[in-house]
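Text of the file run_19.cif, holding mmCIF, C-alpha atoms and all ligand atoms:
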```
data_data
#
loop_
_atom_site.label_atom_id
_atom_site.label_comp_id
_atom_site.auth_asym_id
_atom_site.auth_seq_id
_atom_site.Cartn_x
_atom_site.Cartn_y
_atom_site.Cartn_z
CA MET A 1 -16.68 15.77 10.40
CA GLN A 2 -17.48 14.17 13.73
CA ILE A 3 -16.03 10.74 14.48
CA THR A 4 -17.13 10.53 18.11
CA ASN A 5 -18.33 13.22 20.53
CA ASP A 6 -14.75 14.25 21.23
CA VAL A 7 -12.92 13.26 18.05
CA LYS A 8 -13.20 15.41 14.92
CA TYR A 9 -11.74 15.10 11.46
CA VAL A 10 -9.54 18.06 10.47
CA GLY A 11 -7.70 16.61 7.45
CA VAL A 12 -7.67 17.63 3.79
CA ASN A 13 -8.16 16.17 0.31
CA ASP A 14 -5.42 16.42 -2.29
CA ARG A 15 -6.59 16.47 -5.89
CA ILE A 16 -3.55 18.19 -7.36
CA THR A 17 -0.70 15.70 -6.91
CA ASP A 18 -0.01 13.80 -10.13
CA LEU A 19 2.19 11.06 -8.67
CA PHE A 20 1.88 10.16 -4.99
CA GLU A 21 5.29 9.51 -3.44
CA GLY A 22 6.71 10.31 -6.88
CA GLN A 23 5.39 7.14 -8.54
CA TYR A 24 1.76 6.18 -7.89
CA ILE A 25 -1.01 7.63 -10.05
CA ILE A 26 -3.95 8.83 -7.95
CA PRO A 27 -6.79 9.48 -10.40
CA ASN A 28 -9.21 10.04 -7.51
CA GLY A 29 -6.78 12.03 -5.35
CA ILE A 30 -5.79 11.15 -1.81
CA SER A 31 -6.60 12.44 1.67
CA TYR A 32 -4.14 13.48 4.36
CA ASN A 33 -6.07 12.69 7.49
CA SER A 34 -5.70 14.62 10.71
CA TYR A 35 -7.79 14.32 13.85
CA ALA A 36 -8.47 16.56 16.82
CA VAL A 37 -9.29 14.91 20.17
CA ILE A 38 -11.01 17.48 22.37
CA ASP A 39 -10.95 16.91 26.10
CA GLU A 40 -9.60 18.86 29.10
CA LYS A 41 -6.52 19.02 26.90
CA ILE A 42 -6.58 18.91 23.11
CA ALA A 43 -4.42 16.74 20.88
CA VAL A 44 -4.10 16.90 17.10
CA PHE A 45 -2.93 13.80 15.27
CA ASP A 46 -0.45 14.43 12.48
CA SER A 47 -0.07 17.31 10.10
CA VAL A 48 -0.61 17.30 6.32
CA ASP A 49 1.28 17.95 3.10
CA ALA A 50 2.61 21.52 3.30
CA ARG A 51 0.67 22.65 0.22
CA PHE A 52 -2.49 22.20 2.29
CA ALA A 53 -1.18 23.67 5.53
CA ASN A 54 -3.45 26.73 5.51
CA GLU A 55 -6.57 24.65 4.87
CA TRP A 56 -5.55 22.26 7.66
CA LEU A 57 -4.87 25.07 10.15
CA SER A 58 -8.20 26.66 9.40
CA ASN A 59 -9.94 23.27 9.84
CA ILE A 60 -8.33 23.05 13.28
CA GLU A 61 -9.27 26.61 14.17
CA ASN A 62 -12.89 26.14 13.06
CA THR A 63 -13.16 22.91 15.02
CA LEU A 64 -11.66 24.09 18.30
CA ASN A 65 -13.96 27.11 18.89
CA GLY A 66 -11.28 29.42 20.16
CA ARG A 67 -9.28 26.83 22.08
CA SER A 68 -5.71 25.88 21.16
CA PRO A 69 -4.17 22.42 20.84
CA ASP A 70 -1.96 21.30 23.73
CA TYR A 71 -0.29 18.52 21.76
CA LEU A 72 0.60 17.66 18.18
CA ILE A 73 1.07 13.90 18.03
CA VAL A 74 3.38 12.98 15.14
CA GLN A 75 2.96 9.34 14.27
CA HIS A 76 4.86 9.33 10.99
CA MET A 77 7.50 11.61 9.51
CA GLU A 78 6.97 11.07 5.80
CA PRO A 79 6.38 14.56 4.39
CA ASP A 80 2.77 13.85 3.35
CA HIS A 81 2.07 13.97 7.11
CA SER A 82 4.92 15.94 8.59
CA SER A 83 5.64 18.88 6.33
CA SER A 84 3.28 21.24 8.15
CA ILE A 85 4.72 20.62 11.64
CA SER A 86 6.78 23.81 11.60
CA ILE A 87 3.89 26.06 10.59
CA PHE A 88 1.76 24.43 13.32
CA ALA A 89 4.51 25.10 15.88
CA GLU A 90 4.62 28.75 14.80
CA LYS A 91 0.87 29.15 15.12
CA TYR A 92 0.63 27.25 18.42
CA PRO A 93 3.95 27.96 20.20
CA ASP A 94 2.75 26.48 23.51
CA ALA A 95 1.77 23.11 22.07
CA LYS A 96 4.05 20.16 22.85
CA ILE A 97 5.10 17.78 20.08
CA VAL A 98 4.66 14.13 21.00
CA SER A 99 6.56 11.58 18.95
CA SER A 100 9.15 8.81 18.91
CA ALA A 101 12.86 9.51 19.45
CA LYS A 102 13.57 8.58 15.82
CA SER A 103 11.00 11.13 14.62
CA PHE A 104 12.77 13.97 16.39
CA VAL A 105 16.02 13.00 14.65
CA MET A 106 14.12 13.10 11.35
CA MET A 107 12.65 16.52 12.22
CA LYS A 108 16.18 17.84 12.67
CA ASN A 109 17.13 16.35 9.31
CA PHE A 110 14.05 17.61 7.47
CA PHE A 111 13.56 21.03 9.10
CA GLY A 112 16.89 21.77 10.85
CA ASN A 113 14.86 21.90 14.07
CA ASP A 114 13.91 19.12 16.48
CA PHE A 115 11.73 21.37 18.65
CA ALA A 116 13.84 20.61 21.74
CA ASP A 117 11.74 22.90 23.99
CA LYS A 118 8.48 21.21 22.98
CA GLN A 119 9.47 17.54 22.82
CA ILE A 120 7.65 14.71 24.54
CA VAL A 121 9.39 11.50 23.50
CA VAL A 122 7.24 8.37 23.65
CA GLY A 123 7.87 4.69 23.02
CA GLU A 124 6.12 1.34 23.29
CA GLY A 125 3.49 1.29 26.02
CA ASP A 126 3.93 4.92 27.05
CA GLY A 127 0.78 6.89 27.79
CA LEU A 128 -0.60 10.40 27.54
CA SER A 129 -3.75 11.65 29.25
CA LEU A 130 -6.01 14.40 27.94
CA GLY A 131 -8.45 13.97 30.81
CA LYS A 132 -11.06 11.40 29.90
CA HIS A 133 -9.03 10.22 26.91
CA GLU A 134 -5.99 8.13 27.81
CA PHE A 135 -3.67 7.33 24.93
CA LYS A 136 -1.36 4.34 24.76
CA PHE A 137 1.42 4.43 22.18
CA ILE A 138 2.38 1.42 20.09
CA THR A 139 5.58 1.36 18.07
CA ALA A 140 5.09 0.24 14.47
CA PRO A 141 8.54 0.28 12.86
CA MET A 142 8.52 -0.01 9.05
CA VAL A 143 4.76 0.46 8.79
CA HIS A 144 5.86 2.27 6.84
CA TRP A 145 9.04 4.01 8.11
CA PRO A 146 11.15 3.11 11.16
CA GLU A 147 9.94 5.94 13.40
CA VAL A 148 6.22 5.16 13.15
CA ILE A 149 4.00 4.96 16.19
CA MET A 150 0.31 4.21 16.42
CA THR A 151 -1.97 5.35 19.21
CA TYR A 152 -4.81 3.64 21.03
CA ASP A 153 -7.45 5.79 22.71
CA THR A 154 -8.89 3.80 25.61
CA ALA A 155 -11.92 6.09 25.99
CA ASP A 156 -13.40 5.77 22.49
CA LYS A 157 -11.54 2.54 21.62
CA ILE A 158 -9.95 4.12 18.57
CA LEU A 159 -6.77 2.92 16.93
CA PHE A 160 -5.00 5.81 15.21
CA SER A 161 -3.17 3.56 12.77
CA ALA A 162 -0.77 5.87 10.86
CA ASP A 163 -0.40 4.67 7.23
CA ALA A 164 -1.89 1.24 8.00
CA PHE A 165 -5.45 0.75 6.70
CA GLY A 166 -4.99 3.75 4.41
CA LYS A 167 -5.95 3.93 0.77
CA PHE A 168 -5.63 6.13 -2.28
CA GLY A 169 -8.66 8.29 -3.11
CA ALA A 170 -9.96 11.56 -1.69
CA LEU A 171 -12.59 11.25 1.05
CA ASP A 172 -15.40 12.67 -1.09
CA GLU A 173 -14.87 9.85 -3.59
CA GLN A 174 -17.33 6.95 -3.47
CA GLU A 175 -15.32 3.86 -4.36
CA ASP A 176 -14.59 0.34 -3.25
CA TRP A 177 -12.21 0.30 -0.26
CA ALA A 178 -10.26 -2.85 -1.03
CA CYS A 179 -9.27 -1.96 -4.59
CA GLU A 180 -7.34 1.20 -3.77
CA ALA A 181 -6.31 0.03 -0.28
CA ARG A 182 -4.70 -3.06 -1.82
CA ARG A 183 -2.83 -1.05 -4.48
CA TYR A 184 -1.67 1.32 -1.73
CA TYR A 185 -0.65 -1.47 0.67
CA ILE A 186 1.16 -3.72 -1.83
CA GLY A 187 2.93 -0.79 -3.47
CA ILE A 188 3.95 1.13 -0.38
CA VAL A 189 4.09 -1.28 2.55
CA GLY A 190 4.22 -4.65 0.73
CA LYS A 191 7.86 -5.33 1.54
CA TYR A 192 7.22 -5.08 5.28
CA GLY A 193 4.79 -7.93 5.84
CA VAL A 194 6.69 -9.25 8.87
CA GLN A 195 6.47 -5.86 10.57
CA VAL A 196 2.77 -5.51 9.74
CA GLN A 197 2.16 -8.96 11.20
CA SER A 198 3.84 -7.89 14.41
CA VAL A 199 1.60 -4.80 14.70
CA LEU A 200 -1.49 -6.89 13.95
CA LYS A 201 -0.55 -9.14 16.88
CA LYS A 202 -0.36 -6.11 19.16
CA ALA A 203 -3.68 -4.83 17.81
CA ALA A 204 -5.31 -8.20 18.52
CA SER A 205 -4.97 -7.55 22.26
CA LEU A 206 -6.90 -4.26 22.01
CA ASP A 207 -10.64 -3.70 21.95
CA ILE A 208 -10.85 -1.61 18.77
CA LYS A 209 -14.14 -0.06 17.64
CA ILE A 210 -12.80 2.53 15.18
CA ILE A 211 -9.68 2.73 13.04
CA CYS A 212 -8.48 6.22 12.09
CA PRO A 213 -5.80 5.93 9.38
CA LEU A 214 -3.76 8.74 7.85
CA HIS A 215 -5.28 8.21 4.38
CA GLY A 216 -8.77 7.15 3.32
CA PRO A 217 -11.95 6.70 5.28
CA VAL A 218 -12.35 6.18 9.00
CA LEU A 219 -13.31 2.54 9.52
CA ASN A 220 -16.03 2.07 12.10
CA GLU A 221 -17.89 -1.08 11.21
CA ASN A 222 -17.10 -4.62 10.13
CA LEU A 223 -13.49 -4.19 11.27
CA GLU A 224 -12.89 -7.94 10.90
CA TYR A 225 -13.08 -7.50 7.14
CA TYR A 226 -10.24 -4.97 7.06
CA LEU A 227 -8.13 -6.80 9.63
CA ASN A 228 -8.54 -10.04 7.71
CA LEU A 229 -7.39 -8.44 4.44
CA TYR A 230 -4.38 -6.94 6.21
CA ASN A 231 -3.55 -10.35 7.61
CA ILE A 232 -3.76 -11.95 4.14
CA TRP A 233 -1.67 -9.24 2.47
CA SER A 234 1.01 -9.09 5.14
CA SER A 235 1.41 -12.87 5.33
CA TYR A 236 1.79 -13.10 1.53
CA GLN A 237 -1.22 -15.35 1.08
CA SER A 238 -3.24 -15.06 -2.12
CA GLU A 239 -6.47 -13.20 -1.55
CA SER A 240 -8.36 -14.51 -4.61
CA LYS A 241 -8.36 -17.55 -6.84
CA GLY A 242 -7.41 -16.54 -10.36
CA VAL A 243 -4.65 -16.16 -12.90
CA LEU A 244 -2.80 -12.97 -13.71
CA ILE A 245 -1.19 -12.92 -17.15
CA ALA A 246 1.43 -10.19 -17.14
CA TYR A 247 2.94 -9.64 -20.56
CA THR A 248 4.88 -7.48 -22.94
CA SER A 249 4.54 -7.68 -26.69
CA VAL A 250 6.54 -5.81 -29.32
CA TYR A 251 4.70 -6.69 -32.54
CA GLY A 252 1.58 -8.32 -31.15
CA ASN A 253 2.62 -11.97 -31.43
CA THR A 254 3.13 -12.53 -27.71
CA LYS A 255 -0.16 -10.71 -27.17
CA LYS A 256 -1.91 -13.24 -29.46
CA ALA A 257 -0.51 -16.05 -27.30
CA VAL A 258 -1.80 -14.29 -24.17
CA GLU A 259 -5.26 -13.87 -25.69
CA LEU A 260 -5.37 -17.54 -26.64
CA LEU A 261 -4.29 -18.56 -23.15
CA LYS A 262 -6.94 -16.35 -21.56
CA GLU A 263 -9.64 -17.88 -23.78
CA LYS A 264 -8.53 -21.41 -22.92
CA LEU A 265 -8.26 -20.67 -19.19
CA LEU A 266 -11.85 -19.44 -19.17
CA GLU A 267 -12.96 -22.46 -21.21
CA ASN A 268 -11.31 -24.68 -18.60
CA GLY A 269 -13.29 -23.02 -15.83
CA CYS A 270 -10.71 -20.66 -14.36
CA GLU A 271 -12.43 -18.38 -11.82
CA LYS A 272 -10.82 -15.15 -12.97
CA VAL A 273 -8.23 -14.16 -15.56
CA ALA A 274 -6.64 -10.72 -15.23
CA VAL A 275 -4.41 -9.52 -18.07
CA ASN A 276 -1.93 -6.66 -17.84
CA ASP A 277 0.12 -5.26 -20.72
CA LEU A 278 3.09 -4.07 -18.69
CA ALA A 279 4.08 -1.39 -21.19
CA ARG A 280 0.69 0.30 -21.00
CA CYS A 281 -1.02 -0.50 -17.70
CA ASP A 282 -0.49 1.12 -14.32
CA MET A 283 2.49 -0.89 -13.04
CA ALA A 284 1.20 -0.64 -9.45
CA GLU A 285 -2.08 -2.25 -10.54
CA ALA A 286 -0.20 -5.13 -12.16
CA VAL A 287 1.92 -5.60 -9.02
CA GLU A 288 -1.24 -5.57 -6.91
CA ASP A 289 -2.82 -8.27 -9.13
CA ALA A 290 0.32 -10.40 -8.90
CA PHE A 291 0.01 -10.50 -5.11
CA ARG A 292 -3.76 -10.86 -5.17
CA TYR A 293 -4.19 -13.97 -7.37
CA ASP A 294 -2.83 -17.43 -6.66
CA ARG A 295 -1.41 -18.06 -10.15
CA ILE A 296 0.67 -15.93 -12.51
CA VAL A 297 1.88 -16.25 -16.08
CA PHE A 298 4.86 -14.20 -17.20
CA ALA A 299 4.87 -13.70 -20.98
CA THR A 300 7.61 -11.70 -22.61
CA THR A 301 10.12 -11.37 -25.39
CA THR A 302 13.82 -11.94 -25.36
CA TYR A 303 15.45 -8.54 -25.74
CA ASN A 304 19.14 -7.60 -25.83
CA ALA A 305 19.87 -11.17 -24.66
CA ASP A 306 17.71 -10.39 -21.63
CA ILE A 307 13.98 -9.71 -21.24
CA PHE A 308 11.84 -6.82 -22.33
CA PRO A 309 12.46 -3.83 -19.97
CA PHE A 310 8.90 -3.51 -18.63
CA MET A 311 8.96 -7.17 -17.57
CA ARG A 312 12.31 -6.70 -15.85
CA THR A 313 10.90 -3.74 -13.93
CA PHE A 314 7.77 -5.71 -13.04
CA ILE A 315 9.71 -8.68 -11.67
CA ASP A 316 11.97 -6.32 -9.70
CA HIS A 317 8.85 -4.79 -8.11
CA LEU A 318 7.66 -8.27 -7.14
CA THR A 319 10.87 -9.63 -5.70
CA GLU A 320 11.64 -6.51 -3.69
CA ARG A 321 8.21 -6.94 -2.05
CA ASN A 322 8.85 -10.60 -1.10
CA PHE A 323 6.71 -12.13 -3.85
CA SER A 324 6.05 -15.75 -2.83
CA ASN A 325 3.59 -18.64 -2.54
CA LYS A 326 2.36 -18.79 -6.19
CA ARG A 327 1.97 -21.18 -9.09
CA VAL A 328 3.98 -19.73 -11.94
CA ALA A 329 4.08 -20.29 -15.70
CA PHE A 330 6.14 -18.80 -18.49
CA ILE A 331 5.60 -17.87 -22.12
CA GLU A 332 8.71 -16.71 -23.95
CA ASN A 333 9.12 -15.32 -27.42
CA GLY A 334 12.38 -14.92 -29.33
CA SER A 335 13.02 -14.67 -33.04
CA TRP A 336 16.38 -16.43 -33.03
CA ALA A 337 17.43 -17.37 -29.47
CA PRO A 338 14.60 -17.29 -26.93
CA MET A 339 16.02 -17.05 -23.42
CA ALA A 340 13.44 -14.96 -21.56
CA THR A 341 12.23 -17.86 -19.40
CA LYS A 342 15.75 -18.60 -18.24
CA VAL A 343 16.31 -14.93 -17.34
CA MET A 344 12.97 -14.69 -15.50
CA LYS A 345 13.69 -17.84 -13.49
CA VAL A 346 17.01 -16.40 -12.34
CA MET A 347 15.28 -13.17 -11.29
CA LEU A 348 12.65 -15.15 -9.37
CA GLU A 349 15.23 -17.14 -7.41
CA LYS A 350 14.82 -14.48 -4.70
CA SER A 351 11.19 -15.54 -4.22
CA LYS A 352 10.09 -18.27 -1.84
CA ASN A 353 7.65 -21.10 -2.47
CA LEU A 354 6.99 -20.67 -6.19
CA THR A 355 5.76 -23.77 -8.01
CA TYR A 356 6.57 -23.77 -11.71
CA CYS A 357 4.20 -25.32 -14.23
CA GLU A 358 5.56 -28.18 -16.31
CA ASN A 359 4.28 -26.71 -19.56
CA GLU A 360 6.48 -23.85 -20.71
CA VAL A 361 5.51 -22.11 -23.95
CA LYS A 362 8.28 -21.19 -26.38
CA ILE A 363 7.38 -19.06 -29.39
CA PHE A 364 9.71 -18.43 -32.29
CA SER A 365 8.41 -15.07 -33.56
CA ALA A 366 4.76 -16.09 -33.98
CA LEU A 367 2.37 -18.79 -32.77
CA ASN A 368 2.40 -22.08 -34.69
CA ASP A 369 0.62 -25.40 -34.18
CA GLU A 370 3.22 -26.58 -31.69
CA SER A 371 3.12 -23.47 -29.50
CA LYS A 372 -0.69 -23.33 -29.70
CA GLU A 373 -0.86 -26.90 -28.48
CA LYS A 374 1.46 -26.03 -25.60
CA ILE A 375 -0.87 -23.17 -24.63
CA LEU A 376 -3.82 -25.58 -24.47
CA LEU A 377 -1.82 -27.87 -22.21
CA LEU A 378 -0.74 -24.96 -20.01
CA ALA A 379 -4.35 -23.77 -19.68
CA LYS A 380 -5.37 -27.23 -18.48
CA GLU A 381 -2.47 -27.44 -16.08
CA LEU A 382 -3.23 -24.02 -14.58
CA CYS A 383 -6.88 -24.94 -14.08
CA ASN A 384 -6.17 -28.24 -12.36
FE1 LIG B 1 1.31 8.46 4.17
FE2 LIG B 1 4.24 6.76 4.64
O1 LIG B 1 3.15 8.26 4.40
#
```

Now, as a test, write the supplied structure out as structure tokens.
Ligand code: FEO
Amino acid sequence: MQITNDVKYVGVNDRITDLFEGQYIIPNGISYNSYAVIDEKIAVFDSVDARFANEWLSNIENTLNGRSPDYLIVQHMEPDHSSSISIFAEKYPDAKIVSSAKSFVMMKNFFGNDFADKQIVVGEGDGLSLGKHEFKFITAPMVHWPEVIMTYDTADKILFSADAFGKFGALDEQEDWACEARRYYIGIVGKYGVQVQSVLKKAASLDIKIICPLHGPVLNENLEYYLNLYNIWSSYQSESKGVLIAYTSVYGNTKKAVELLKEKLLENGCEKVAVNDLARCDMAEAVEDAFRYDRIVFATTTYNADIFPFMRTFIDHLTERNFSNKRVAFIENGSWAPMATKVMKVMLEKSKNLTYCENEVKIFSALNDESKEKILLLAKELCN
């Protein structure tokens, strides 16, 4: 695949991994992107998951028409991008490895080898020339690991953005970008909004025409759209108006309350109501929705004098990613001593700028006239 005259795609699609990074379902696979920049010298950007090393090496070979790479630029050391470095170094023993100082420490830790005879260590503002193509390196710590660098190509105005602007989904999959990019971002990088903001500020000073991420499609038009979404996500603003109802239900009674609330929210003109049963949905999708919408309702049962386990896990996912800036409501169920709301409020103390609704719904086992009335009031309050 040609990206510009001199820049070619040499990455691979993965449709065999069940859980990406050990936890995220990827029903449409994922790509490990790699790029060859062909000039007087040749640079390859990042390797791929080791299970695809042979396919990647043959992509490089087929693309270079008998030439060999002079540089392997390693922007990120997570194994989905780094685990074929050694096999590359064996095949191309004269190629230099260009990366941050922290990456070489990680190479020693991962592979027992930091390629001392091939190292070119780069940091913020350092450059590398291939001839016509002049690269400038940008440090991007915690987007998504501490060693990460990004690279700007001044010739073709390309930002090689490492994990940033990546998404789940193999490249031959036709699907909406934002849906799987948001699930990827919130799940994997969501905690590091401050660091993403700092990279976005650096990017703002560059004239970028193309973004080449390490996962998902190359972005070459309407870049404002993608940059704007990254700004919203990394500054913990809500992207869409709407209510997420995240719930657990043991015998279906809390679920009935959730269904009634959804119906009343829509009757009151709420723009969008998303509902996630935390025991059955993809947890990453529920977490994504929580960050996306401006209002959230937590509905759960009291369980072992605490809250139902899936809700505890859900709230942990939110608070560890700096969940903030939302209107929040609670529905609790308990057959003899409801205390779920109290427990959830304690868990959410870590979050900033949450506004709690006045109407809190308390259910003793099943809905009754009083709790139904409270749900109507809550629906009105959430739609105001
Ligand atoms: Fe795609 Fe953080 O690795």

Q) What residues have any atom no more than 8 Å from ligand LIG 1 (chain B) when counting all atoms listed in the file, and can you list them as JSON, numbers by chain? A) {"A": [32, 76, 77, 78, 79, 80, 81, 143, 144, 145, 162, 163, 166, 188, 214, 215]}

For the residues in that selection, give me C-alpha atoms as a JSON list (two decimals), in the frame of the given file.
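Writing done, so here's out_1.json:
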```
[["chain", "number", "residue", "atom", "x", "y", "z"],
["A", 32, "TYR", "CA", -4.14, 13.48, 4.36],
["A", 76, "HIS", "CA", 4.86, 9.33, 10.99],
["A", 77, "MET", "CA", 7.50, 11.61, 9.51],
["A", 78, "GLU", "CA", 6.97, 11.07, 5.80],
["A", 79, "PRO", "CA", 6.38, 14.56, 4.39],
["A", 80, "ASP", "CA", 2.77, 13.85, 3.35],
["A", 81, "HIS", "CA", 2.07, 13.97, 7.11],
["A", 143, "VAL", "CA", 4.76, 0.46, 8.79],
["A", 144, "HIS", "CA", 5.86, 2.27, 6.84],
["A", 145, "TRP", "CA", 9.04, 4.01, 8.11],
["A", 162, "ALA", "CA", -0.77, 5.87, 10.86],
["A", 163, "ASP", "CA", -0.40, 4.67, 7.23],
["A", 166, "GLY", "CA", -4.99, 3.75, 4.41],
["A", 188, "ILE", "CA", 3.95, 1.13, -0.38],
["A", 214, "LEU", "CA", -3.76, 8.74, 7.85],
["A", 215, "HIS", "CA", -5.28, 8.21, 4.38]]
```

Expressed in Å, the length from CA of Val328 in chain A to CA of Asn359 in chain A is 10.3 Å

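Interatomic distance, CA of Ser324 in chain A against CA of Gly216 in chain A: 28.0 Å.
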
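Computed from the coordinates, the CA of Lys352 in chain A to CA of Asn322 in chain A distance equals 7.8 Å.
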
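Shortest separation to Arg327 in chain A among A:Ala299, A:Val273, A:Met311, A:Cys357 occurs at residue A:Cys357, atoms counted being only C-alpha atoms.
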
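For Ser34 in chain A, the list of residues within 6 Å, based on only C-alpha atoms and with local chain neighbours fewer than 6 positions off taken out, reads Val10, Gly11, Phe45 and Asp46 of chain A.
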
Using all atoms listed in the file, the residue out of A:Ala279, A:Val121, A:Ile158, A:Ala53 with shortest distance to Ala203 in chain A is A:Ile158

| task | Compile the contact shell of Gly169 in chain A as a count of residues only: residues with an atom at most 9 Å away, counting all atoms listed in the file, same-chain residues fewer than 6 positions apart removed. | result | 13

- Message: If we count only C-alpha atoms and set the cut-off at 10 Å, which residues sit around Phe165 in chain A, ignoring sequence neighbours fewer than 6 positions away in its own chain? Please answer as a list of chain:residue names.
- Response: A:Trp177, A:Ala178, A:Ala181, A:Arg182, A:Tyr184, A:Tyr185, A:Ile211, A:Cys212, A:Pro213, A:Leu214, A:His215, A:Gly216, A:Pro217, A:Val218, A:Leu219, A:Tyr226, A:Leu227, A:Leu229, A:Tyr230

Spatial neighbours of Lys118 in chain A, max dist 8 Å, all atoms listed in the file, sep filter under 6 positions, as a ChimeraX atom specification
/A:94-97

field: Nearby residues, (0.1, -12.2, -10.1) file frame, 10 Å, all atoms listed in the file, as a VMD selection string
entry: chain A and resid 238 242 to 246 274 to 276 286 to 298 318 323 326 to 328

(request) Just the residues within 10 Å of Phe104 in chain A, please, counting only C-alpha atoms, with nothing from its chain fewer than 2 positions along; format it as a PyMOL selection string. (result) chain A and resi 74+77+97-102+106-110+113-116+119-121+147

Using the selection just defined, write its residues with C-alpha atoms as a compact mmCIF listing (two decimals), keeping the file's coordinate frame.
```txt
# COMPACT_ATOMS: atom_id res chain seq x y z
CA VAL A 74 3.38 12.98 15.14
CA MET A 77 7.50 11.61 9.51
CA ILE A 97 5.10 17.78 20.08
CA VAL A 98 4.66 14.13 21.00
CA SER A 99 6.56 11.58 18.95
CA SER A 100 9.15 8.81 18.91
CA ALA A 101 12.86 9.51 19.45
CA LYS A 102 13.57 8.58 15.82
CA MET A 106 14.12 13.10 11.35
CA MET A 107 12.65 16.52 12.22
CA LYS A 108 16.18 17.84 12.67
CA ASN A 109 17.13 16.35 9.31
CA PHE A 110 14.05 17.61 7.47
CA ASN A 113 14.86 21.90 14.07
CA ASP A 114 13.91 19.12 16.48
CA PHE A 115 11.73 21.37 18.65
CA ALA A 116 13.84 20.61 21.74
CA GLN A 119 9.47 17.54 22.82
CA ILE A 120 7.65 14.71 24.54
CA VAL A 121 9.39 11.50 23.50
CA GLU A 147 9.94 5.94 13.40
```

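With only C-alpha atoms as the atoms that count, the minimum distance from Tyr236 in chain A to the choices A:Lys157, A:Arg321, A:Lys167, A:Arg312 is reached by A:Arg321.
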
With 4 Å added on each side, what axis-aligned box encloses every listed atom of range 127-134 of chain A? Give the centre and edge lengths in Å to one decimal, as lines of an AutoDock Vina configuration file.
```
center_x = -5.1
center_y = 10.6
center_z = 28.9
size_x = 19.8
size_y = 15.5
size_z = 11.9
```

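Minimum distance to Thr254 in chain A across A:Ser335, A:Gln237, A:Thr151, A:Ser205 (counting all atoms listed in the file) occurs at A:Ser335.
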
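With all atoms listed in the file as the atoms that count, the residue of A:Asp70, A:Glu239, A:Asp39, A:Asp172 with the shortest distance to Thr4 in chain A is A:Asp39.
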
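The closest residue to Asn304 in chain A, picked from A:Val343, A:Met150, A:Leu278, A:Cys270 and counting only C-alpha atoms, is A:Val343.
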